[in-house]
Amino acid sequence: MQAHRAFGQTDPAIQISEDEYEKFYEYFYRRTGISFSGKKEYFVEKRLFERIAKTGSDSFKAYFTLLRFQASGEELQHLVNLMTVNETYFFREDYQFDALVRGILPEITRTRRPGETLRIWSMPCSTGEEPYSIAIQILEYWSRADEFAIEITGSDIDSRVLADARKGIYGNRSLQRLSPELRKKYFRRLGDDQFEIHEELRSSIDFSMANLSDPVQMHRYRAMDVIFCRNLLIYFDDTSRRAAVEALYECLTPGGFICLGHSESMSRMSSMFLPRKFGDTIVYQRPIE
Amino acid sequence: MPGPDPGDTAVALKKPAQPQKTGAVALPQADLQALTAALASPESAERRRAARDLGAFPEAGPILCAHLGGEAAASVRAVILTTLIRLKSPAVVAGLLPLLRSEDSALRNAAIEALQEMPAEVEPHVAALLSDPDSDVRILAVNMVSLLPHPKAPDWLAEVVARESHVNVCAAAVDGLAEIGDASAVAPLRALAARFPEVPFIRFAAAAAIRRIGGS
């Protein structure tokens, strides 16, 4: 058994063995669905030692016991927050956008008449990259886009990111996955590293505050056909996650779909939804009762 | 490149109406009696709403537990469980425990799912559950304990391994110890393998658990 210490740890007496890392990785995956590859060792170590120090644990074993048996789950939450990188950009996890136009929308519209409204909700939308990506994907790659009134709403709990979303100004890093053609078509260059979303696109999406844990706020969002709720639920503790999933269920129209992040699985959260496979991605459908 | 000109986006995309501001939507309040009656509504949405709103009434636990067994809709069951977890109390645990004997496996699993979220309230019942005359109930109890965020959980499983006579209950406890056990479980695991020499699986599982929890 090889023991080693982490880069930059503050207490050299604390060590984490390879076996302990393996146990931790397994546990963390089981609780969050997040799996770490070997190349993320430094990333994990740094954060683990940070939490060991913050909690005053005198060994990894003591910390791991706290992590597993704390009734509130608060420490696991702290660790999840640290282990999750909040980065967003246009066409992130774009296989789900492909599924949207190739499978989900065609299925939904089988029973809809032209002219009817389709509602898509990006929650959380952060600084707007996701709802704008959805809009571009539909406009570019769904041949029936003009037949329906498509409403896209972006919501977030953070008013600052919503203000940025409404402005619609992004740097090269956000746009890295967009082709030059799409950049040219949907953005106006403001400077070397500033691109502004075309006014027509900006004004066609509504951005609003929403807190998934607030039933009164959630009551305002109803009859959604598709919800993108990616990489949010991993931040919730078990009970809050259950309630959040139930709130999303009520927001969906029967037969509607919810898309989660690639490391999230609805089957670990709730039995309310039916898993559906579209291409390479699994999404979850509210049953038609 | 297919797709419209940027100026054509308005053809397909329609700006949604602004959601009403917070406070503009007043969710109807109901009393315990009305909500309990609503659990019998033919509309599953109404039953879900009632189950959710009953969370405001600590005394609703037994009512929800009683309704859970006869509720057919998975979505309503899920909401009832969430409310029960939020309400967690000795009365809720007492209402859930009989469901471990249900013929409905989904209901049994649902009860375990809720019980494992109530470690302090479950603790007084653990000894009785692990000694239940029905081995199926003991297996479910072991599965629940394996997932219970309680510091005594490894000791409870070690006790099962040390004294349980039913091989399937022991196997479930070995699986649990492999997940949450520590070095103190090694001796009972070794003894277990010796107690069931005719069951190769137990020998294999105990050895795997010992390796996993750090014994040699």
# chains A, B, ... in the order shown; residues from 1 in each chain; ligands from 1
call {"tool": "select_by_dssp", "arguments": {"residues": "stretch 114-165 of chain A", "states": "alpha helix (DSSP H)", "output": "count of residues only"}}
result
20
call {"tool": "interface_residues", "arguments": {"of": "chain A", "to": "chain B", "cutoff": "7 Å", "atoms": "only C-alpha atoms", "output": "NGL selection string"}}
result
:A and (68-71 or 139-141 or 145-146 or 148-153 or 185-186 or 200-201 or 204-206 or 216-217 or 220 or 239 or 242-243 or 246 or 271-272)
call {"tool": "residues_around", "arguments": {"residues": "A:Ile104", "least_positions_apart": "5", "cutoff": "10 Å", "atoms": "only C-alpha atoms", "output": "compact mmCIF listing (two decimals) with C-alpha atoms, in the first residue's frame"}}
result
# COMPACT_ATOMS: atom_id res chain seq x y z
CA GLN A 96 -28.43 16.75 -26.13
CA PHE A 97 -29.19 19.59 -28.52
CA ASP A 98 -28.88 17.06 -31.36
CA ALA A 99 -31.33 14.82 -29.49
CA THR A 109 -44.93 17.66 -32.36
CA ASP A 225 -42.39 20.67 -23.15
CA VAL A 226 -38.66 20.36 -22.56
CA GLY A 256 -42.63 16.38 -21.68
CA PHE A 257 -38.90 15.76 -21.36
CA ARG A 276 -35.73 7.54 -22.92
CA LYS A 277 -32.78 7.11 -25.23
CA PHE A 278 -32.31 9.47 -28.15
CA VAL A 283 -33.33 11.97 -21.24
CA GLN A 285 -39.96 11.78 -19.78
call {"tool": "residues_around", "arguments": {"residues": "B:Cys170", "least_positions_apart": "6", "cutoff": "10 Å", "atoms": "only C-alpha atoms", "output": "PyMOL selection string"}}
result
chain B and resi 138-139+142+157-164+176+189+192+196+202+206
call {"tool": "write_last_selection", "arguments": {"atoms": "N, CA and C atoms", "output": "CSV table (one decimal), in the first residue's frame"}}
result
chain,number,residue,atom,x,y,z
B,138,ARG,N,-35.6,-9.3,7.6
B,138,ARG,CA,-34.3,-9.1,8.1
B,138,ARG,C,-33.3,-8.6,7.0
B,139,ILE,N,-33.5,-9.2,5.8
B,139,ILE,CA,-32.7,-8.8,4.6
B,139,ILE,C,-33.0,-7.4,4.3
B,142,VAL,N,-31.3,-5.2,6.8
B,142,VAL,CA,-29.8,-5.1,6.6
B,142,VAL,C,-29.6,-4.1,5.5
B,157,LEU,N,-24.3,-4.2,11.5
B,157,LEU,CA,-24.0,-5.2,10.5
B,157,LEU,C,-23.1,-6.3,11.0
B,158,ALA,N,-22.0,-5.9,11.7
B,158,ALA,CA,-21.1,-6.8,12.3
B,158,ALA,C,-21.8,-7.8,13.2
B,159,GLU,N,-22.8,-7.3,14.0
B,159,GLU,CA,-23.5,-8.2,14.9
B,159,GLU,C,-24.3,-9.2,14.1
B,160,VAL,N,-24.9,-8.8,13.0
B,160,VAL,CA,-25.7,-9.7,12.1
B,160,VAL,C,-24.7,-10.8,11.6
B,161,VAL,N,-23.6,-10.4,11.1
B,161,VAL,CA,-22.6,-11.4,10.6
B,161,VAL,C,-22.2,-12.4,11.7
B,162,ALA,N,-22.1,-11.9,13.0
B,162,ALA,CA,-21.7,-12.7,14.1
B,162,ALA,C,-22.7,-13.7,14.5
B,163,ARG,N,-24.0,-13.4,14.4
B,163,ARG,CA,-25.0,-14.3,15.1
B,163,ARG,C,-26.1,-14.8,14.1
B,164,GLU,N,-26.3,-14.2,13.0
B,164,GLU,CA,-27.4,-14.5,12.1
B,164,GLU,C,-27.2,-16.0,11.5
B,176,GLY,N,-23.0,-5.1,2.9
B,176,GLY,CA,-23.1,-3.9,3.6
B,176,GLY,C,-21.8,-3.5,4.2
B,189,LEU,N,-16.2,-11.3,10.2
B,189,LEU,CA,-16.3,-11.8,8.8
B,189,LEU,C,-15.5,-13.1,8.6
B,192,LEU,N,-17.5,-15.8,10.1
B,192,LEU,CA,-18.6,-16.1,9.3
B,192,LEU,C,-18.3,-17.1,8.2
B,196,PHE,N,-19.9,-21.0,7.7
B,196,PHE,CA,-20.6,-21.5,6.5
B,196,PHE,C,-19.6,-22.2,5.5
B,202,ILE,N,-20.2,-17.3,0.4
B,202,ILE,CA,-20.0,-16.6,1.7
B,202,ILE,C,-18.5,-16.4,1.9
B,206,ALA,N,-16.9,-12.8,2.0
B,206,ALA,CA,-16.3,-12.3,3.2
B,206,ALA,C,-14.8,-11.9,2.9
call {"tool": "residues_around", "arguments": {"residues": "A:Cys259", "least_positions_apart": "4", "cutoff": "7 Å", "atoms": "only C-alpha atoms", "output": "list in words"}}
result
Ile227, Phe228, Cys229, Arg230, Val283 and Tyr284 of chain A
call {"tool": "write_last_selection", "arguments": {"atoms": "N, CA and C atoms", "output": "PDB file, in the first residue's frame"}}
result
ATOM      1  N   ILE A 227     -37.357  20.611 -20.554  1.00  0.00           N
ATOM      2  CA  ILE A 227     -36.572  21.362 -19.569  1.00  0.00           C
ATOM      3  C   ILE A 227     -35.123  20.890 -19.643  1.00  0.00           C
ATOM      4  N   PHE A 228     -34.221  21.830 -19.765  1.00  0.00           N
ATOM      5  CA  PHE A 228     -32.800  21.523 -19.627  1.00  0.00           C
ATOM      6  C   PHE A 228     -32.401  21.921 -18.211  1.00  0.00           C
ATOM      7  N   CYS A 229     -32.138  20.937 -17.388  1.00  0.00           N
ATOM      8  CA  CYS A 229     -31.722  21.207 -16.003  1.00  0.00           C
ATOM      9  C   CYS A 229     -30.423  20.438 -15.782  1.00  0.00           C
ATOM     10  N   ARG A 230     -29.340  21.033 -16.233  1.00  0.00           N
ATOM     11  CA  ARG A 230     -28.084  20.281 -16.308  1.00  0.00           C
ATOM     12  C   ARG A 230     -27.101  20.773 -15.244  1.00  0.00           C
ATOM     13  N   VAL A 283     -32.580  10.872 -21.848  1.00  0.00           N
ATOM     14  CA  VAL A 283     -33.332  11.967 -21.241  1.00  0.00           C
ATOM     15  C   VAL A 283     -34.499  11.321 -20.482  1.00  0.00           C
ATOM     16  N   TYR A 284     -35.258  12.132 -19.781  1.00  0.00           N
ATOM     17  CA  TYR A 284     -36.293  11.572 -18.903  1.00  0.00           C
ATOM     18  C   TYR A 284     -37.642  12.207 -19.242  1.00  0.00           C
TER      19      TYR A 284
END
call {"tool": "residues_around", "arguments": {"residues": "A:Ala223", "least_positions_apart": "5", "cutoff": "12 Å", "atoms": "only C-alpha atoms", "output": "list in words"}}
result
Thr117, Leu118, Arg119, Ile120, Trp121, Glu151, Met218, Leu248, Tyr249, Glu250, Cys251, Leu252, Thr253, Pro254, Gly255, Gly256, Phe257 and Arg286 of chain A
call {"tool": "select_by_dssp", "arguments": {"residues": "stretch 34-203 of chain A", "states": "strand (DSSP E)", "output": "list in words"}}
result
Thr117, Leu118, Arg119, Ile120, Trp121, Ser122, Ala149, Ile150, Glu151, Ile152, Thr153, Gly154, Ser155, Asp156, Ile169, Tyr170, Phe187, Arg188, Arg189, Leu190, Gly191, Gln194, Phe195, Glu196 and Ile197 of chain A
call {"tool": "write_last_selection", "arguments": {"atoms": "N, CA and C atoms", "output": "short mmCIF file (atom, residue, chain, number, x, y, z; two decimals), in the first residue's frame"}}
result
data_model
loop_
_atom_site.label_atom_id
_atom_site.label_comp_id
_atom_site.auth_asym_id
_atom_site.auth_seq_id
_atom_site.Cartn_x
_atom_site.Cartn_y
_atom_site.Cartn_z
N THR A 117 -47.92 26.30 -29.53
CA THR A 117 -46.72 26.76 -28.82
C THR A 117 -45.93 25.58 -28.25
N LEU A 118 -44.62 25.64 -28.40
CA LEU A 118 -43.71 24.69 -27.75
C LEU A 118 -42.90 25.48 -26.73
N ARG A 119 -42.83 24.95 -25.54
CA ARG A 119 -42.13 25.69 -24.47
C ARG A 119 -40.88 24.94 -24.03
N ILE A 120 -39.76 25.64 -24.07
CA ILE A 120 -38.48 25.05 -23.66
C ILE A 120 -37.90 25.92 -22.56
N TRP A 121 -37.44 25.26 -21.52
CA TRP A 121 -36.96 26.00 -20.34
C TRP A 121 -35.53 25.59 -20.02
N SER A 122 -34.67 26.56 -19.96
CA SER A 122 -33.28 26.33 -19.56
C SER A 122 -33.14 26.79 -18.11
N ALA A 149 -44.84 28.05 -32.69
CA ALA A 149 -44.40 29.20 -31.89
C ALA A 149 -43.54 28.64 -30.76
N ILE A 150 -42.27 28.89 -30.83
CA ILE A 150 -41.35 28.28 -29.86
C ILE A 150 -40.95 29.31 -28.81
N GLU A 151 -41.29 29.00 -27.59
CA GLU A 151 -40.94 29.90 -26.48
C GLU A 151 -39.77 29.32 -25.71
N ILE A 152 -38.72 30.10 -25.60
CA ILE A 152 -37.56 29.65 -24.81
C ILE A 152 -37.40 30.59 -23.62
N THR A 153 -37.36 30.00 -22.45
CA THR A 153 -37.17 30.77 -21.22
C THR A 153 -35.86 30.33 -20.57
N GLY A 154 -35.09 31.28 -20.12
CA GLY A 154 -33.88 30.98 -19.35
C GLY A 154 -34.07 31.49 -17.93
N SER A 155 -33.82 30.66 -16.95
CA SER A 155 -34.01 31.08 -15.56
C SER A 155 -32.80 30.71 -14.72
N ASP A 156 -32.59 31.48 -13.69
CA ASP A 156 -31.49 31.20 -12.77
C ASP A 156 -31.84 31.85 -11.43
N ILE A 169 -23.40 39.31 -24.27
CA ILE A 169 -22.05 39.61 -24.76
C ILE A 169 -21.09 38.55 -24.23
N TYR A 170 -20.32 37.95 -25.14
CA TYR A 170 -19.48 36.80 -24.77
C TYR A 170 -18.07 36.95 -25.34
N PHE A 187 -23.81 36.69 -34.22
CA PHE A 187 -23.10 37.59 -33.31
C PHE A 187 -22.57 38.81 -34.05
N ARG A 188 -22.43 39.86 -33.29
CA ARG A 188 -21.81 41.09 -33.80
C ARG A 188 -20.54 41.31 -33.00
N ARG A 189 -19.43 41.47 -33.71
CA ARG A 189 -18.16 41.67 -33.00
C ARG A 189 -18.12 43.07 -32.40
N LEU A 190 -17.84 43.13 -31.09
CA LEU A 190 -17.73 44.44 -30.43
C LEU A 190 -16.28 44.81 -30.20
N GLY A 191 -15.42 43.81 -30.09
CA GLY A 191 -14.00 44.06 -29.83
C GLY A 191 -13.25 42.77 -30.07
N GLN A 194 -14.92 40.26 -27.69
CA GLN A 194 -16.31 40.54 -27.31
C GLN A 194 -17.23 40.37 -28.51
N PHE A 195 -18.23 39.52 -28.29
CA PHE A 195 -19.21 39.28 -29.35
C PHE A 195 -20.60 39.42 -28.75
N GLU A 196 -21.45 40.14 -29.44
CA GLU A 196 -22.80 40.36 -28.93
C GLU A 196 -23.81 39.56 -29.75
N ILE A 197 -24.69 38.84 -29.04
CA ILE A 197 -25.74 38.07 -29.72
C ILE A 197 -26.63 39.02 -30.51
#
call {"tool": "atom_distance", "arguments": {"atom1": "atom CA of B:Ala185", "atom2": "atom CA of A:Val80"}}
result
29.3 Å
call {"tool": "atom_distance", "arguments": {"atom1": "atom CA of B:Leu87", "atom2": "atom CA of A:Ala210"}}
result
25.3 Å
call {"tool": "residues_around", "arguments": {"residues": "A:Leu232", "least_positions_apart": "6", "cutoff": "9 Å", "atoms": "only C-alpha atoms", "output": "PyMOL selection string"}}
result
chain A and resi 123-124+260-261
call {"tool": "write_last_selection", "arguments": {"atoms": "N, CA and C atoms", "output": "mmCIF file, in the first residue's frame"}}
result
data_model
loop_
_atom_site.group_PDB
_atom_site.id
_atom_site.type_symbol
_atom_site.label_atom_id
_atom_site.label_comp_id
_atom_site.auth_asym_id
_atom_site.auth_seq_id
_atom_site.Cartn_x
_atom_site.Cartn_y
_atom_site.Cartn_z
ATOM 1 N N MET A 123 -32.947 25.826 -17.226
ATOM 2 C CA MET A 123 -32.960 26.129 -15.780
ATOM 3 C C MET A 123 -31.955 25.245 -15.056
ATOM 4 N N PRO A 124 -30.838 25.742 -14.631
ATOM 5 C CA PRO A 124 -30.416 27.127 -14.605
ATOM 6 C C PRO A 124 -29.751 27.518 -15.921
ATOM 7 N N LEU A 260 -30.847 16.144 -18.239
ATOM 8 C CA LEU A 260 -29.930 16.383 -17.123
ATOM 9 C C LEU A 260 -28.493 16.408 -17.636
ATOM 10 N N GLY A 261 -27.561 16.794 -16.774
ATOM 11 C CA GLY A 261 -26.146 16.786 -17.142
ATOM 12 C C GLY A 261 -25.628 15.362 -17.307
#
call {"tool": "closest_residue", "arguments": {"among": "B:Asp175, B:Asp155, B:Asp132, B:Asp53", "to": "B:Ala207", "atoms": "only C-alpha atoms"}}
result
B:Asp175
call {"tool": "closest_residue", "arguments": {"among": "A:His198, A:Arg112, A:His78, A:Arg241", "to": "A:Ile136", "atoms": "only C-alpha atoms"}}
result
A:His198
